[in-house]
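Structure record follows, encoded as structure tokens.
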Amino acid sequence: MNKTIIRSLLVVFIITIAVIFVDAQCPMCRMSAESNLANGGSEGRNLNTGILYLLALPYTLLMVLGFIWYKNKKVSQK
């Protein structure tokens with residue numbers, strides 16, 4: 001593989017790992033989730049994980065489609 005592709009994949013991997021530590025909630029969502037948890041509810045427990053999952057899915061799909069397009073273009077040029 002090309003060094004540029006390997007470096008790009010490494011950067012994407014590091015950014016993906018760093019996303020785990022990011023809080024993705026707006027202040028109102030955070031207050032609602034904390035209020036729910038304080039009152040004995042469980043709906044707010046994995047809110048950050050769900051938000052980050054929904055955020056990452058379209059970018060992952062776009063990256064896979066771009067990789068497939070790149071591979072097909074490279075094969076057609078040969």
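Naming scheme: A, B, ... for chains in displayed order of the structure tokens; residues 1 onward per chain; ligands 1 onward as shown.
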Exercise. Skipping near chain neighbours, those fewer than 6 positions away, what residues fall within 10 Å of Ser32 in chain A using only C-alpha atoms, listed as a PyMOL selection string?
Worked result: chain A and resi 38+43-44
For this session: For range 62-72 of chain A, please output as a VMD selection string all residues within 12 Å (counting only C-alpha atoms; exclusion window: fewer than 3 positions along the same chain).
Result: chain A and resid 1 5 8 to 9 12 to 13 56 to 59 75 to 78
Residues just named, written with C-alpha atoms as a tab-separated table (two decimals), in the first residue's frame:
chain	number	residue	atom	x	y	z
A	1	MET	CA	0.00	0.00	0.00
A	5	ILE	CA	-3.02	5.77	2.30
A	8	SER	CA	-4.59	8.55	6.17
A	9	LEU	CA	-6.05	5.37	7.61
A	12	VAL	CA	-8.87	8.21	10.71
A	13	PHE	CA	-8.30	5.43	13.25
A	56	ALA	CA	-20.00	8.15	12.81
A	57	LEU	CA	-22.13	5.87	10.64
A	58	PRO	CA	-22.53	8.19	7.59
A	59	TYR	CA	-18.83	9.06	7.58
A	75	VAL	CA	-8.17	-1.51	-11.62
A	76	SER	CA	-9.79	0.12	-14.66
A	77	GLN	CA	-6.67	2.19	-15.35
A	78	LYS	CA	-4.51	-0.95	-15.66
For this session: Could you tell me how far CA of Thr49 in chain A lies from CA of Cys26 in chain A, in Å and to one decimal?
Result: 13.7 Å
For this session: Quick one: pick out all alpha helix (DSSP H) residues within chain A from a backbone DSSP run and write them as JSON, numbers by chain.
Result: {"A": [3, 4, 5, 6, 7, 8, 9, 10, 11, 12, 13, 14, 15, 16, 17, 18, 27, 28, 29, 30, 31, 32, 33, 34, 35, 36, 37, 38, 47, 48, 49, 50, 51, 52, 53, 54, 55, 56, 57, 58, 59, 60, 61, 62, 63, 64, 65, 66, 67, 68, 69, 70, 71, 72, 73, 74, 75, 76, 77]}
Atoms to include: C-alpha atoms. Write the selected residues as a PDB file, in the first residue's frame.
ATOM      1  CA  LYS A   3       2.421   5.392   2.502  1.00  0.00           C
ATOM      2  CA  THR A   4      -0.118   8.201   2.065  1.00  0.00           C
ATOM      3  CA  ILE A   5      -3.024   5.770   2.303  1.00  0.00           C
ATOM      4  CA  ILE A   6      -1.548   4.120   5.383  1.00  0.00           C
ATOM      5  CA  ARG A   7      -1.046   7.495   7.068  1.00  0.00           C
ATOM      6  CA  SER A   8      -4.593   8.555   6.169  1.00  0.00           C
ATOM      7  CA  LEU A   9      -6.053   5.370   7.609  1.00  0.00           C
ATOM      8  CA  LEU A  10      -3.962   5.831  10.759  1.00  0.00           C
ATOM      9  CA  VAL A  11      -5.268   9.384  11.208  1.00  0.00           C
ATOM     10  CA  VAL A  12      -8.868   8.211  10.709  1.00  0.00           C
ATOM     11  CA  PHE A  13      -8.304   5.428  13.245  1.00  0.00           C
ATOM     12  CA  ILE A  14      -6.853   7.831  15.836  1.00  0.00           C
ATOM     13  CA  ILE A  15      -9.742  10.277  15.331  1.00  0.00           C
ATOM     14  CA  THR A  16     -12.221   7.416  15.700  1.00  0.00           C
ATOM     15  CA  ILE A  17     -10.607   6.350  18.979  1.00  0.00           C
ATOM     16  CA  ALA A  18     -10.575   9.963  20.222  1.00  0.00           C
ATOM     17  CA  PRO A  27     -26.793  21.399  27.206  1.00  0.00           C
ATOM     18  CA  MET A  28     -30.559  20.795  27.093  1.00  0.00           C
ATOM     19  CA  CYS A  29     -30.134  17.114  26.260  1.00  0.00           C
ATOM     20  CA  ARG A  30     -27.567  16.765  29.027  1.00  0.00           C
ATOM     21  CA  MET A  31     -29.900  18.392  31.590  1.00  0.00           C
ATOM     22  CA  SER A  32     -32.773  16.159  30.489  1.00  0.00           C
ATOM     23  CA  ALA A  33     -30.658  12.999  30.731  1.00  0.00           C
ATOM     24  CA  GLU A  34     -29.207  13.965  34.121  1.00  0.00           C
ATOM     25  CA  SER A  35     -32.673  14.793  35.422  1.00  0.00           C
ATOM     26  CA  ASN A  36     -33.975  11.442  34.213  1.00  0.00           C
ATOM     27  CA  LEU A  37     -31.111   9.567  35.875  1.00  0.00           C
ATOM     28  CA  ALA A  38     -31.537  11.521  39.125  1.00  0.00           C
ATOM     29  CA  LEU A  47     -27.144   8.870  25.239  1.00  0.00           C
ATOM     30  CA  ASN A  48     -23.596   9.947  24.297  1.00  0.00           C
ATOM     31  CA  THR A  49     -22.802   6.565  22.790  1.00  0.00           C
ATOM     32  CA  GLY A  50     -25.958   6.637  20.685  1.00  0.00           C
ATOM     33  CA  ILE A  51     -25.278  10.164  19.445  1.00  0.00           C
ATOM     34  CA  LEU A  52     -21.688   9.334  18.478  1.00  0.00           C
ATOM     35  CA  TYR A  53     -22.799   6.109  16.770  1.00  0.00           C
ATOM     36  CA  LEU A  54     -25.328   8.005  14.657  1.00  0.00           C
ATOM     37  CA  LEU A  55     -22.691  10.634  13.863  1.00  0.00           C
ATOM     38  CA  ALA A  56     -19.997   8.148  12.812  1.00  0.00           C
ATOM     39  CA  LEU A  57     -22.135   5.874  10.639  1.00  0.00           C
ATOM     40  CA  PRO A  58     -22.534   8.191   7.585  1.00  0.00           C
ATOM     41  CA  TYR A  59     -18.829   9.057   7.577  1.00  0.00           C
ATOM     42  CA  THR A  60     -17.853   5.400   7.772  1.00  0.00           C
ATOM     43  CA  LEU A  61     -20.197   4.567   4.893  1.00  0.00           C
ATOM     44  CA  LEU A  62     -18.761   7.415   2.826  1.00  0.00           C
ATOM     45  CA  MET A  63     -15.216   6.238   3.543  1.00  0.00           C
ATOM     46  CA  VAL A  64     -16.034   2.658   2.475  1.00  0.00           C
ATOM     47  CA  LEU A  65     -17.713   3.828  -0.740  1.00  0.00           C
ATOM     48  CA  GLY A  66     -14.741   6.094  -1.493  1.00  0.00           C
ATOM     49  CA  PHE A  67     -12.334   3.199  -0.970  1.00  0.00           C
ATOM     50  CA  ILE A  68     -14.354   0.939  -3.274  1.00  0.00           C
ATOM     51  CA  TRP A  69     -14.482   3.692  -5.913  1.00  0.00           C
ATOM     52  CA  TYR A  70     -10.707   4.215  -5.608  1.00  0.00           C
ATOM     53  CA  LYS A  71      -9.977   0.495  -5.990  1.00  0.00           C
ATOM     54  CA  ASN A  72     -12.290   0.172  -9.026  1.00  0.00           C
ATOM     55  CA  LYS A  73     -10.742   3.219 -10.677  1.00  0.00           C
ATOM     56  CA  LYS A  74      -7.238   1.863 -10.072  1.00  0.00           C
ATOM     57  CA  VAL A  75      -8.169  -1.508 -11.621  1.00  0.00           C
ATOM     58  CA  SER A  76      -9.786   0.123 -14.665  1.00  0.00           C
ATOM     59  CA  GLN A  77      -6.673   2.194 -15.352  1.00  0.00           C
TER      60      GLN A  77
END
